[in-house]
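In what follows, a single structure is set out as structure tokens and then discussed.
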Amino acid sequence: MKLFLMLGSISGFLSVALGAFGAHALKEKLDEYSLGIFHTGVTYQTTHALALVLVALLLKWYPDSSGLVWAGWCFAAGTLIFSGSLYTLAMTGIKVLGAITPIGGVLFLAGWALLAIHAWKSVS
């Protein structure tokens with residue numbers, strides 16, 4: 001519980017900092033397309049920072065749920081791969097990085113599916 005709360009909090013903090021960085025410092029350095037890519041990374045990071053906090057809170061009531069733990073790891077890894085690859089792509093223009101972005105997306109989907117399975121099985 002504590003680990004996912006910390007990961008979610010740090011990820012949320014970083015998403016706000018990166019969003020401000022993108023809006024101000026990168027505004028003059030990147031074209032509209034690259035700024036859009038960067039913004040997409042920030043949006044998904046923010047959303048999944050909140051998902052990590054949700055997992056942490058749910059683990060308070062369901063501490064033995066391996067599905068919740070796996071969901072948390074999927075959200076954390078998905079953020080690193082999905083948003084991280086988009087940030088790097090936007091800043092460097094290395095197009096091949098776009099090929100790994102879907103891996104992060106699949107991890108996000110798996111995390112949400114695991115959360116739904118937990119709800120179906122455990123929540124009355």
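Residues in the structure tokens are named by chain (A, B, ... in the order shown) and by number from 1 within that chain; ligands are numbered from 1 in the order shown.
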
Would you mind listing, for every residue of range 2-46 of chain A within 12 Å of range 88-95 of chain A, the two atoms forming the shortest contact and the distance between them in Å to one decimal, using only C-alpha atoms, sorted by chain and ascending residue number, as a tab-separated table?
```
residue	atom	partner	partner_atom	distance
A:Phe21	CA	A:Met91	CA	11.9
A:Gly22	CA	A:Met91	CA	10.1
A:Ala25	CA	A:Met91	CA	11.8
A:Leu26	CA	A:Met91	CA	8.8
A:Lys27	CA	A:Met91	CA	11.6
A:Lys29	CA	A:Met91	CA	9.1
A:Leu30	CA	A:Met91	CA	7.6
A:Asp31	CA	A:Ala90	CA	9.2
A:Glu32	CA	A:Ala90	CA	10.1
A:Tyr33	CA	A:Ala90	CA	8.3
A:Ser34	CA	A:Ala90	CA	4.7
A:Leu35	CA	A:Ala90	CA	6.8
A:Gly36	CA	A:Ala90	CA	8.3
A:Ile37	CA	A:Ala90	CA	5.9
A:Phe38	CA	A:Ala90	CA	5.7
A:His39	CA	A:Ala90	CA	9.4
A:Thr40	CA	A:Ala90	CA	10.2
A:Gly41	CA	A:Ala90	CA	9.4
A:Val42	CA	A:Ala90	CA	11.6
```

May I have the residues within 8 Å of range 75-77 of chain A as an NGL selection string, using only C-alpha atoms and disregarding those fewer than 5 positions away in the same chain? :A and (7 or 48-49 or 51-52 or 104 or 107-108 or 111)

Selected residue of minimal separation from Val53 in chain A among A:Val69, A:Ile10, A:Leu5, A:Leu114, counting only C-alpha atoms: A:Leu5

Taking the chain letters and numbering used in this document, name the residues of range 70-123 of chain A that DSSP puts in alpha helix (DSSP H), as a VMD selection string. chain A and resid 70 to 78 84 to 92 101 to 122

Contacts of Phe13 in chain A at 9 Å (only C-alpha atoms; same-chain gap of 4+ positions) as a ChimeraX atom specification: /A:8-9,17-18,46,49

With C-alpha atoms retained, export the selected residues as a PDB file, in the first residue's frame.
```
ATOM      1  CA  GLY A   8       1.442   7.523  -7.357  1.00  0.00           C
ATOM      2  CA  SER A   9       2.350  10.658  -5.425  1.00  0.00           C
ATOM      3  CA  ALA A  17       6.264  19.484 -13.155  1.00  0.00           C
ATOM      4  CA  LEU A  18       6.625  17.990 -16.645  1.00  0.00           C
ATOM      5  CA  THR A  46      -1.429  12.077 -14.489  1.00  0.00           C
ATOM      6  CA  ALA A  49      -0.704   8.460 -10.973  1.00  0.00           C
TER       7      ALA A  49
END
```

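A straight line drawn from CA of Gln45 in chain A to CA of Lys121 in chain A is 27.6 Å long.
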
Within 10 Å of Gly78 in chain A, counting only C-alpha atoms, which residues show up once you throw out same-chain ones fewer than 4 positions away? Write them as a tab-separated table (two decimals) with N, CA, C and O atoms, in the first residue's frame, please.
```tsv
chain	number	residue	atom	x	y	z
A	44	TYR	N	-1.48	10.93	-19.72
A	44	TYR	CA	-1.54	9.54	-19.29
A	44	TYR	C	-0.79	9.33	-17.97
A	44	TYR	O	-1.21	8.51	-17.15
A	45	GLN	N	0.28	10.05	-17.76
A	45	GLN	CA	1.00	9.92	-16.49
A	45	GLN	C	0.12	10.42	-15.34
A	45	GLN	O	0.05	9.77	-14.29
A	48	HIS	N	-2.68	7.89	-14.57
A	48	HIS	CA	-2.24	6.65	-13.94
A	48	HIS	C	-1.53	6.88	-12.61
A	48	HIS	O	-1.41	5.95	-11.81
A	72	GLY	N	-1.30	-2.42	-9.79
A	72	GLY	CA	-0.39	-1.33	-9.43
A	72	GLY	C	0.91	-1.39	-10.21
A	72	GLY	O	1.39	-0.38	-10.74
A	73	TRP	N	1.47	-2.58	-10.33
A	73	TRP	CA	2.72	-2.73	-11.09
A	73	TRP	C	2.50	-2.45	-12.57
A	73	TRP	O	3.36	-1.87	-13.23
A	74	CYS	N	1.35	-2.85	-13.09
A	74	CYS	CA	1.05	-2.56	-14.50
A	74	CYS	C	0.94	-1.05	-14.73
A	74	CYS	O	1.46	-0.53	-15.71
A	82	PHE	N	5.09	3.95	-21.42
A	82	PHE	CA	4.24	4.76	-22.30
A	82	PHE	C	4.66	6.23	-22.26
A	82	PHE	O	5.07	6.80	-23.27
A	83	SER	N	4.55	6.83	-21.09
A	83	SER	CA	4.86	8.26	-20.99
A	83	SER	C	6.34	8.52	-21.22
A	83	SER	O	6.71	9.48	-21.90
A	84	GLY	N	7.19	7.66	-20.68
A	84	GLY	CA	8.63	7.84	-20.85
A	84	GLY	C	9.04	7.81	-22.31
A	84	GLY	O	9.85	8.64	-22.76
A	101	THR	N	5.95	2.44	-27.30
A	101	THR	CA	4.85	3.09	-26.59
A	101	THR	C	3.65	2.16	-26.40
A	101	THR	O	3.08	2.12	-25.30
A	102	PRO	N	3.25	1.37	-27.42
A	102	PRO	CA	2.10	0.48	-27.22
A	102	PRO	C	2.29	-0.56	-26.11
A	102	PRO	O	1.31	-1.02	-25.54
A	103	ILE	N	3.52	-0.91	-25.82
A	103	ILE	CA	3.75	-1.84	-24.70
A	103	ILE	C	3.23	-1.22	-23.41
A	103	ILE	O	2.57	-1.88	-22.61
A	104	GLY	N	3.53	0.05	-23.22
A	104	GLY	CA	3.01	0.76	-22.05
A	104	GLY	C	1.50	0.83	-22.07
A	104	GLY	O	0.84	0.67	-21.03
A	105	GLY	N	0.92	1.03	-23.26
A	105	GLY	CA	-0.54	1.05	-23.38
A	105	GLY	C	-1.17	-0.28	-23.00
A	105	GLY	O	-2.20	-0.32	-22.33
A	106	VAL	N	-0.54	-1.37	-23.41
A	106	VAL	CA	-1.04	-2.70	-23.05
A	106	VAL	C	-0.96	-2.90	-21.54
A	106	VAL	O	-1.87	-3.47	-20.92
A	107	LEU	N	0.10	-2.41	-20.93
A	107	LEU	CA	0.22	-2.51	-19.46
A	107	LEU	C	-0.89	-1.70	-18.77
A	107	LEU	O	-1.45	-2.15	-17.76
A	108	PHE	N	-1.21	-0.52	-19.31
A	108	PHE	CA	-2.33	0.25	-18.76
A	108	PHE	C	-3.63	-0.55	-18.86
A	108	PHE	O	-4.39	-0.63	-17.89
A	109	LEU	N	-3.87	-1.12	-20.04
A	109	LEU	CA	-5.09	-1.92	-20.22
A	109	LEU	C	-5.13	-3.10	-19.25
A	109	LEU	O	-6.19	-3.40	-18.66
A	110	ALA	N	-4.00	-3.76	-19.07
A	110	ALA	CA	-3.94	-4.89	-18.14
A	110	ALA	C	-4.23	-4.43	-16.71
A	110	ALA	O	-4.95	-5.11	-15.97
A	111	GLY	N	-3.69	-3.29	-16.33
A	111	GLY	CA	-3.95	-2.76	-14.99
A	111	GLY	C	-5.43	-2.49	-14.76
A	111	GLY	O	-5.99	-2.86	-13.72
```

Take CA of Leu115 in chain A and CA of Ala99 in chain A and report the distance between them in Å, one decimal.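 One can read the CA of Leu115 in chain A to CA of Ala99 in chain A distance as 26.3 Å.
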
Here is a test: counting only C-alpha atoms, which residue of A:Gly19, A:Leu3, A:Ala71, A:Leu80 is nearest to Ala119 in chain A?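 Counting only C-alpha atoms, the residue closest to Ala119 in chain A is A:Ala71.
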
Shell around Ser65 in chain A at 9 Å using only C-alpha atoms, local window under 4 positions removed, as a ChimeraX atom specification: /A:59,69-70,118,122

Let's have the selection written as a PDB file, in the first residue's frame, with C-alpha atoms.
```
ATOM      1  CA  LEU A  59      -5.055  -2.324  -0.697  1.00  0.00           C
ATOM      2  CA  VAL A  69      -0.790  -5.560  -6.570  1.00  0.00           C
ATOM      3  CA  TRP A  70      -0.407  -6.620 -10.203  1.00  0.00           C
ATOM      4  CA  HIS A 118     -10.802  -7.431  -8.491  1.00  0.00           C
ATOM      5  CA  SER A 122     -14.120  -8.993  -4.208  1.00  0.00           C
TER       6      SER A 122
END
```
